[in-house]
>>> print(open('query-v3.cif').read())   # mmCIF, C-alpha atoms
data_entry
#
loop_
_atom_site.label_atom_id
_atom_site.label_comp_id
_atom_site.auth_asym_id
_atom_site.auth_seq_id
_atom_site.Cartn_x
_atom_site.Cartn_y
_atom_site.Cartn_z
CA MET T 1 149.45 -153.56 -165.28
CA ARG T 2 146.45 -152.96 -167.48
CA SER T 3 147.10 -150.42 -170.22
CA TYR T 4 144.83 -147.40 -170.63
CA GLN T 5 142.21 -147.76 -173.36
CA PRO T 6 140.90 -144.45 -174.65
CA ASP T 7 137.17 -143.99 -175.23
CA LEU T 8 136.87 -143.72 -178.99
CA THR T 9 133.07 -143.25 -179.03
CA PRO T 10 132.22 -140.21 -181.18
CA PRO T 11 130.87 -137.31 -179.08
CA TRP T 12 127.57 -137.29 -180.95
CA LYS T 13 126.93 -140.90 -179.90
CA LYS T 14 127.53 -140.32 -176.23
CA SER T 15 124.47 -139.83 -174.00
CA ALA T 16 124.43 -136.51 -172.22
CA PRO T 17 124.08 -136.84 -168.45
CA ALA T 18 120.48 -136.46 -167.35
CA PRO T 19 119.58 -134.25 -164.38
CA GLU T 20 118.76 -136.10 -161.17
CA VAL T 21 115.31 -135.34 -159.77
CA PRO T 22 114.12 -136.46 -156.32
CA ALA T 23 111.10 -138.74 -156.67
CA GLU T 24 108.92 -136.75 -154.29
CA THR T 25 105.34 -137.80 -153.62
CA ASP T 26 102.88 -136.53 -156.28
CA LEU T 27 105.61 -135.71 -158.80
CA VAL T 28 104.19 -136.75 -162.18
CA VAL T 29 106.58 -138.39 -164.65
CA GLU T 30 106.46 -140.64 -167.70
CA GLU T 31 108.41 -143.91 -167.83
CA ALA T 32 110.60 -143.65 -170.92
CA VAL T 33 110.16 -147.19 -172.27
CA THR T 34 106.46 -147.94 -171.70
CA GLY T 35 105.08 -144.39 -171.81
CA PHE T 36 103.20 -145.00 -168.54
CA CYS T 37 102.49 -141.61 -166.93
CA GLY T 38 101.61 -141.21 -163.28
CA ALA T 39 102.25 -139.59 -159.92
CA VAL T 40 104.90 -140.90 -157.56
CA ILE T 41 103.31 -142.89 -154.74
CA ARG T 42 106.40 -144.28 -153.02
CA CYS T 43 110.04 -145.26 -153.45
CA GLU T 44 111.42 -148.54 -152.16
CA LYS T 45 114.83 -150.15 -151.76
CA THR T 46 114.91 -153.67 -153.19
CA ALA T 47 117.56 -156.35 -153.78
CA GLU T 48 117.63 -155.37 -157.47
CA GLY T 49 117.94 -151.67 -156.70
CA PRO T 50 115.61 -148.75 -155.91
CA THR T 51 112.12 -148.73 -157.44
CA VAL T 52 109.38 -146.15 -157.77
CA THR T 53 105.63 -146.77 -157.82
CA LEU T 54 103.54 -144.56 -160.10
CA GLU T 55 99.76 -144.12 -160.09
CA ASP T 56 98.00 -142.88 -163.23
CA ARG T 57 94.85 -140.76 -163.18
CA PHE T 58 92.68 -143.88 -163.40
CA GLY T 59 94.15 -145.33 -160.20
CA LYS T 60 96.36 -147.96 -161.86
CA HIS T 61 99.72 -148.64 -160.16
CA ARG T 62 102.99 -149.66 -161.87
CA VAL T 63 106.41 -150.28 -160.30
CA PHE T 64 109.56 -149.30 -162.22
CA PRO T 65 113.29 -149.50 -161.50
CA MET T 66 114.88 -146.11 -161.01
CA THR T 67 117.35 -146.51 -163.86
CA PRO T 68 119.49 -143.64 -165.19
CA ARG T 69 117.67 -141.61 -167.87
CA GLY T 70 114.61 -143.76 -167.24
CA PHE T 71 111.89 -141.12 -167.02
CA LEU T 72 110.54 -137.99 -168.67
CA LEU T 73 109.57 -134.91 -166.67
CA GLU T 74 107.59 -132.43 -168.76
CA GLY T 75 109.18 -133.96 -171.87
CA ARG T 76 112.74 -133.80 -170.51
CA VAL T 77 114.81 -136.95 -169.85
CA VAL T 78 115.69 -137.24 -166.15
CA THR T 79 117.08 -139.74 -163.67
CA LEU T 80 114.85 -140.25 -160.65
CA VAL T 81 116.61 -140.60 -157.30
CA ARG T 82 115.26 -141.32 -153.84
CA PRO T 83 114.38 -138.10 -152.01
CA SER T 84 116.65 -137.23 -149.10
CA ALA T 85 115.28 -138.01 -145.66
CA GLY T 86 113.74 -134.97 -144.08
CA GLY T 87 113.87 -133.04 -147.34
CA PRO T 88 111.29 -130.34 -148.00
CA VAL T 89 107.92 -131.58 -149.14
CA ARG T 90 106.24 -129.22 -151.55
CA PRO T 91 103.21 -129.73 -153.77
CA THR T 92 104.19 -130.12 -157.41
CA ARG T 93 100.71 -130.87 -158.77
CA THR T 94 97.26 -129.37 -158.62
CA ALA T 95 94.27 -131.44 -157.49
CA SER T 96 93.70 -132.40 -161.14
CA GLY T 97 97.24 -133.76 -161.53
CA SER T 98 98.47 -130.81 -163.60
CA VAL T 99 101.80 -129.09 -162.95
CA ALA T 100 101.38 -126.54 -160.17
CA VAL T 101 102.40 -122.97 -161.06
CA PRO T 102 103.20 -121.17 -157.78
CA GLY T 103 102.25 -117.50 -157.84
CA ALA T 104 100.48 -117.72 -161.19
CA ARG T 105 97.81 -115.08 -161.71
CA ALA T 106 94.36 -115.91 -162.98
CA ARG T 107 93.97 -115.23 -166.68
CA VAL T 108 91.28 -112.82 -167.88
CA ALA T 109 88.18 -114.91 -168.58
CA ARG T 110 87.84 -116.29 -172.09
CA ALA T 111 84.72 -115.80 -174.14
CA GLY T 112 84.32 -119.58 -174.16
CA ARG T 113 82.52 -121.31 -171.32
CA ILE T 114 81.87 -124.71 -169.80
CA TYR T 115 78.28 -125.39 -168.78
CA VAL T 116 77.35 -128.11 -166.30
CA GLU T 117 73.91 -129.25 -165.22
CA GLY T 118 73.78 -128.24 -161.57
CA ARG T 119 75.46 -126.54 -158.66
CA HIS T 120 76.95 -129.79 -157.34
CA ASP T 121 78.59 -130.46 -160.72
CA ALA T 122 80.08 -126.96 -160.71
CA GLU T 123 81.40 -127.30 -157.16
CA LEU T 124 83.03 -130.65 -157.92
CA VAL T 125 84.70 -129.31 -161.07
CA GLU T 126 85.95 -126.29 -159.13
CA ARG T 127 87.34 -128.48 -156.34
CA VAL T 128 89.47 -130.60 -158.67
CA TRP T 129 90.14 -128.35 -161.67
CA GLY T 130 89.82 -124.89 -160.12
CA ASP T 131 93.52 -124.00 -160.32
CA ASP T 132 93.71 -125.12 -163.95
CA LEU T 133 90.57 -123.21 -164.91
CA ARG T 134 91.82 -119.94 -163.42
CA ILE T 135 95.17 -120.20 -165.21
CA GLU T 136 93.37 -120.96 -168.49
CA GLY T 137 90.71 -118.28 -167.94
CA VAL T 138 87.81 -120.72 -168.25
CA VAL T 139 84.56 -119.97 -166.44
CA VAL T 140 82.21 -122.81 -165.41
CA GLU T 141 78.50 -122.05 -165.08
CA TYR T 142 75.61 -124.31 -164.09
CA LEU T 143 72.28 -124.55 -165.89
CA GLU T 144 69.88 -126.17 -163.39
CA GLY T 145 69.09 -128.86 -165.97
CA ILE T 146 69.50 -129.20 -169.73
CA ASP T 147 65.88 -129.36 -170.92
CA ASP T 148 66.37 -126.06 -172.77
CA LEU T 149 69.91 -126.80 -173.99
CA PRO T 150 69.30 -126.09 -177.73
CA SER T 151 67.94 -122.61 -177.00
CA ILE T 152 70.69 -121.97 -174.45
CA VAL T 153 73.30 -122.80 -177.08
CA ARG T 154 71.65 -120.46 -179.62
CA GLU T 155 71.58 -117.65 -177.07
CA PHE T 156 75.26 -118.20 -176.26
CA ALA T 157 76.12 -117.80 -179.98
CA PRO T 158 79.23 -120.01 -180.06
CA ALA T 159 82.06 -119.08 -182.43
CA PRO T 160 85.64 -120.24 -183.10
CA ASP T 161 86.90 -117.74 -180.52
CA ALA T 162 84.06 -118.50 -178.08
CA ARG T 163 83.63 -122.25 -177.85
CA LEU T 164 81.10 -123.83 -175.56
CA GLY T 165 81.57 -127.11 -173.69
CA VAL T 166 78.66 -128.85 -171.97
CA LEU T 167 78.88 -131.62 -169.37
CA VAL T 168 75.73 -133.74 -169.10
CA ASP T 169 74.72 -136.21 -166.39
CA HIS T 170 73.45 -139.67 -167.41
CA LEU T 171 74.45 -139.33 -171.05
CA VAL T 172 73.73 -142.92 -172.12
CA PRO T 173 71.97 -144.30 -175.23
CA GLY T 174 68.20 -143.93 -175.04
CA SER T 175 68.15 -141.47 -172.15
CA LYS T 176 66.30 -138.16 -172.23
CA GLU T 177 69.66 -136.44 -171.89
CA SER T 178 71.06 -138.15 -175.00
CA ARG T 179 68.03 -137.07 -177.06
CA ILE T 180 68.46 -133.47 -175.98
CA ALA T 181 72.23 -133.52 -176.62
CA ALA T 182 71.63 -134.88 -180.14
CA GLN T 183 69.77 -131.67 -181.02
CA VAL T 184 73.01 -129.66 -180.72
CA SER T 185 75.12 -129.85 -183.88
CA ASP T 186 77.21 -126.67 -183.83
CA GLY T 187 80.90 -127.35 -184.55
CA ASN T 188 81.92 -124.83 -181.88
CA VAL T 189 80.00 -126.74 -179.21
CA LEU T 190 81.11 -129.97 -177.56
CA VAL T 191 78.55 -131.90 -175.51
CA VAL T 192 79.94 -134.81 -173.49
CA GLY T 193 78.70 -136.65 -170.46
CA HIS T 194 79.20 -139.36 -167.89
CA PRO T 195 76.95 -142.41 -167.38
CA TYR T 196 75.95 -141.68 -163.78
CA ILE T 197 72.45 -140.64 -162.75
CA ASP T 198 73.95 -137.81 -160.71
CA VAL T 199 77.45 -136.41 -160.29
CA TRP T 200 77.45 -137.82 -156.74
CA GLU T 201 78.11 -141.23 -158.28
CA ALA T 202 81.20 -139.93 -160.05
CA VAL T 203 82.93 -139.82 -156.65
CA LYS T 204 84.52 -143.16 -155.83
CA PRO T 205 82.56 -144.95 -153.06
CA SER T 206 85.82 -145.80 -151.27
CA SER T 207 86.63 -142.09 -150.98
CA VAL T 208 83.26 -141.44 -149.34
CA GLY T 209 83.72 -144.40 -147.01
CA ILE T 210 80.97 -146.61 -148.43
CA ALA T 211 81.11 -149.97 -150.20
CA ALA T 212 79.05 -148.86 -153.21
CA TRP T 213 76.46 -146.32 -154.27
CA PRO T 214 73.00 -147.73 -153.53
CA VAL T 215 70.53 -148.69 -156.25
CA VAL T 216 67.49 -146.45 -155.86
CA PRO T 217 64.15 -147.80 -157.21
CA ARG T 218 62.65 -145.89 -160.13
CA GLY T 219 60.11 -143.29 -159.13
CA GLN T 220 62.02 -142.19 -156.03
CA ASP T 221 64.08 -139.05 -155.75
CA TRP T 222 67.57 -140.45 -156.30
CA LYS T 223 69.46 -138.29 -153.82
CA THR T 224 66.89 -138.76 -151.07
CA GLY T 225 66.91 -142.49 -151.78
CA VAL T 226 70.69 -142.59 -151.45
CA CYS T 227 70.56 -140.85 -148.07
CA ARG T 228 67.86 -143.25 -146.89
CA ALA T 229 69.72 -146.34 -148.07
CA LEU T 230 72.97 -145.24 -146.42
CA GLY T 231 71.30 -144.28 -143.18
CA TRP T 232 72.22 -140.63 -143.57
CA PRO T 233 69.84 -137.82 -142.54
CA GLU T 234 67.55 -137.07 -145.49
CA ASN T 235 69.16 -133.70 -146.05
CA THR T 236 70.65 -133.75 -149.54
CA GLY T 237 72.53 -130.48 -149.04
CA ALA T 238 74.35 -131.83 -145.99
CA ALA T 239 74.93 -135.14 -147.75
CA TRP T 240 76.57 -133.36 -150.69
CA GLN T 241 78.90 -131.43 -148.39
CA ARG T 242 79.90 -134.74 -146.82
CA ILE T 243 80.64 -136.18 -150.28
CA LEU T 244 82.44 -133.07 -151.56
CA SER T 245 84.68 -132.90 -148.48
CA SER T 246 85.90 -136.44 -149.26
CA VAL T 247 87.29 -135.31 -152.64
CA ARG T 248 90.93 -134.24 -152.35
CA SER T 249 92.16 -134.81 -155.90
CA TYR T 250 91.41 -136.50 -159.21
CA ARG T 251 92.18 -139.86 -157.56
CA ASP T 252 88.82 -139.62 -155.76
CA LEU T 253 86.85 -139.42 -159.03
CA GLN T 254 85.78 -142.05 -161.53
CA PRO T 255 87.63 -142.01 -164.88
CA GLU T 256 84.34 -141.56 -166.77
CA LEU T 257 84.12 -138.04 -165.32
CA LEU T 258 87.84 -137.24 -165.38
CA GLY T 259 88.21 -137.82 -169.09
CA ARG T 260 85.16 -135.78 -170.01
CA VAL T 261 86.12 -132.69 -168.01
CA GLU T 262 89.67 -132.77 -169.41
CA GLU T 263 88.17 -133.05 -172.89
CA LEU T 264 86.00 -129.98 -172.34
CA ILE T 265 88.88 -127.89 -171.00
CA ASP T 266 91.00 -128.81 -174.00
CA PHE T 267 88.15 -127.97 -176.36
CA VAL T 268 87.40 -124.49 -175.05
CA THR T 269 91.09 -123.55 -174.80
CA LEU T 270 92.08 -124.60 -178.33
CA PRO T 271 93.75 -121.81 -180.33
CA ASP T 272 91.31 -119.86 -182.48
#
>>> encode(input="query-v3.cif", output="structure tokens")
Amino acid sequence: MRSYQPDLTPPWKKSAPAPEVPAETDLVVEEAVTGFCGAVIRCEKTAEGPTVTLEDRFGKHRVFPMTPRGFLLEGRVVTLVRPSAGGPVRPTRTASGSVAVPGARARVARAGRIYVEGRHDAELVERVWGDDLRIEGVVVEYLEGIDDLPSIVREFAPAPDARLGVLVDHLVPGSKESRIAAQVSDGNVLVVGHPYIDVWEAVKPSSVGIAAWPVVPRGQDWKTGVCRALGWPENTGAAWQRILSSVRSYRDLQPELLGRVEELIDFVTLPD
């Protein structure tokens, strides 16, 4: 008979048991070894044991074994387990991928603001980041173009407790937009942009159900040209509603827009 061998490991060297968390769809976790952060897409049973597939905000997928203490949830070490069949499905994330806060009240609006170029930009930001913006008390306003951006910034009178973030379309070297943005040098203002001619292009073509956004010849109205090339009625308002309705979460947007909006939200919500 085998004799009993006591565990002589000092208590401070023993790993505390980690809580088990069901790997429900859209739960966002960080893999402890690689630091890869993403939302749960699916769980699978394999010969080597259960695995979980994560998708980061740029659409990249990684598969990881569901090892004990293998993940971080909001900075806390956890063990992911397969969700029970027929278990309750509840949203744990907002459309932007942030942690959902059920029942949270909107914060009183901050003095800081985020300005975007047009109504379509504002509607897209609201669709994906609306919950986050209300909790943070950030108001998004649209400018109908940025030709007068320097004077708009002066009128806003930015300050450490009233920062201004500006999202610009087609902010690429040599563009008219880049020359205008360069005229703003206030430390309490952050001007960032995406490379697309219009925010329509920041929606992934696959989400809209098209192979790619058409190339519109110079001199043509870009939105009308897109409708014409795709065989849609030349009604840009209806076309935008069709595009906007295809956006369900951050996964439907290009990373060049995702990163810039997140950057602006962080900027205007920094402590004074």
>>> closest_residue(input="query-v3.cif", among="T:Glu44, T:Asp26, T:Glu31, T:Glu262", to="Leu73 (chain T)", atoms="all atoms listed in the file")
T:Glu31
>>> atom_distance(input="query-v3.cif", atom1="CA of Asp121 (chain T)", atom2="CA of Val247 (chain T)")
12.8 Å
>>> resolve_selection(input="query-v3.cif", expression="the PyMOL selection byres ((chain T and resi 34) around 12)", output="list in words")
Val29, Glu30, Glu31, Ala32, Val33, Gly35, Phe36, Cys37, Gly38, Arg62, Val63, Phe64, Gly70, Phe71 and Leu72 of chain T
>>> write_last_selection(input="query-v3.cif", atoms="C-alpha atoms", output="PDB file, in the frame of the given file")
ATOM      1  CA  VAL T  29     106.580-138.390-164.650  1.00  0.00           C
ATOM      2  CA  GLU T  30     106.460-140.640-167.700  1.00  0.00           C
ATOM      3  CA  GLU T  31     108.410-143.910-167.830  1.00  0.00           C
ATOM      4  CA  ALA T  32     110.600-143.650-170.920  1.00  0.00           C
ATOM      5  CA  VAL T  33     110.160-147.190-172.270  1.00  0.00           C
ATOM      6  CA  GLY T  35     105.080-144.390-171.810  1.00  0.00           C
ATOM      7  CA  PHE T  36     103.200-145.000-168.540  1.00  0.00           C
ATOM      8  CA  CYS T  37     102.490-141.610-166.930  1.00  0.00           C
ATOM      9  CA  GLY T  38     101.610-141.210-163.280  1.00  0.00           C
ATOM     10  CA  ARG T  62     102.990-149.660-161.870  1.00  0.00           C
ATOM     11  CA  VAL T  63     106.410-150.280-160.300  1.00  0.00           C
ATOM     12  CA  PHE T  64     109.560-149.300-162.220  1.00  0.00           C
ATOM     13  CA  GLY T  70     114.610-143.760-167.240  1.00  0.00           C
ATOM     14  CA  PHE T  71     111.890-141.120-167.020  1.00  0.00           C
ATOM     15  CA  LEU T  72     110.540-137.990-168.670  1.00  0.00           C
TER      16      LEU T  72
END
>>> residues_around(input="query-v3.cif", residues="Val116 (chain T)", least_positions_apart="5", cutoff="9 Å", atoms="only C-alpha atoms", output="ChimeraX atom specification")
/T:121-122,140-146,165-169
>>> resolve_selection(input="query-v3.cif", expression="the PyMOL selection byres ((chain T and resi 202) around 9)", output="ChimeraX atom specification")
/T:194-196,198-201,203-205,252-258
>>> atom_distance(input="query-v3.cif", atom1="CA of Gly130 (chain T)", atom2="CA of Gly59 (chain T)")
20.9 Å
>>> atom_distance(input="query-v3.cif", atom1="CA of Ile265 (chain T)", atom2="CA of Asp147 (chain T)")
23.0 Å
>>> residues_around(input="query-v3.cif", residues="region 181-188 of chain T", least_positions_apart="3", cutoff="8 Å", atoms="only C-alpha atoms", output="PyMOL selection string")
chain T and resi 149-150+153+158-160+162-164+177-178+191
>>> residues_near_point(input="query-v3.cif", point="(73.4, -145.1, -152.0)", cutoff="10 Å", atoms="only C-alpha atoms", output="VMD selection string")
chain T and resid 200 to 201 205 210 to 216 222 to 232
>>> closest_residue(input="query-v3.cif", among="T:Pro83, T:Gln220, T:Arg251, T:Ser175", to="Ser207 (chain T)", atoms="only C-alpha atoms")
T:Arg251
>>> axis_aligned_box(input="query-v3.cif", around="region 263-266 of chain T", padding_each_side="5 Å", output="JSON")
{"center_x": 88.5, "center_y": -130.5, "center_z": -172.5, "size_x": 15.0, "size_y": 15.2, "size_z": 13.0}
>>> residues_around(input="query-v3.cif", residues="Arg69 (chain T)", least_positions_apart="3", cutoff="10 Å", atoms="all atoms listed in the file", output="PyMOL selection string")
chain T and resi 15-20+31-32+66+72+76-80
>>> resolve_selection(input="query-v3.cif", expression="the PyMOL selection byres ((chain T and resi 22) around 6)", output="list in words")
Val21, Ala23, Glu24, Leu80, Val81, Arg82 and Pro83 of chain T
>>> closest_residue(input="query-v3.cif", among="T:Arg179, T:Val172, T:Val268, T:Gly49", to="Val139 (chain T)", atoms="all atoms listed in the file")
T:Val268
>>> residues_around(input="query-v3.cif", residues="Lys45 (chain T)", least_positions_apart="6", cutoff="10 Å", atoms="only C-alpha atoms", output="list of chain:residue names")
T:Thr51, T:Val52, T:Pro65, T:Arg82
>>> residues_around(input="query-v3.cif", residues="region 94-99 of chain T", least_positions_apart="2", cutoff="9 Å", atoms="all atoms listed in the file", output="MDAnalysis selection string")
chainID T and resid 26:28 38:39 57 74 91:92 101 127:132 248:251 258
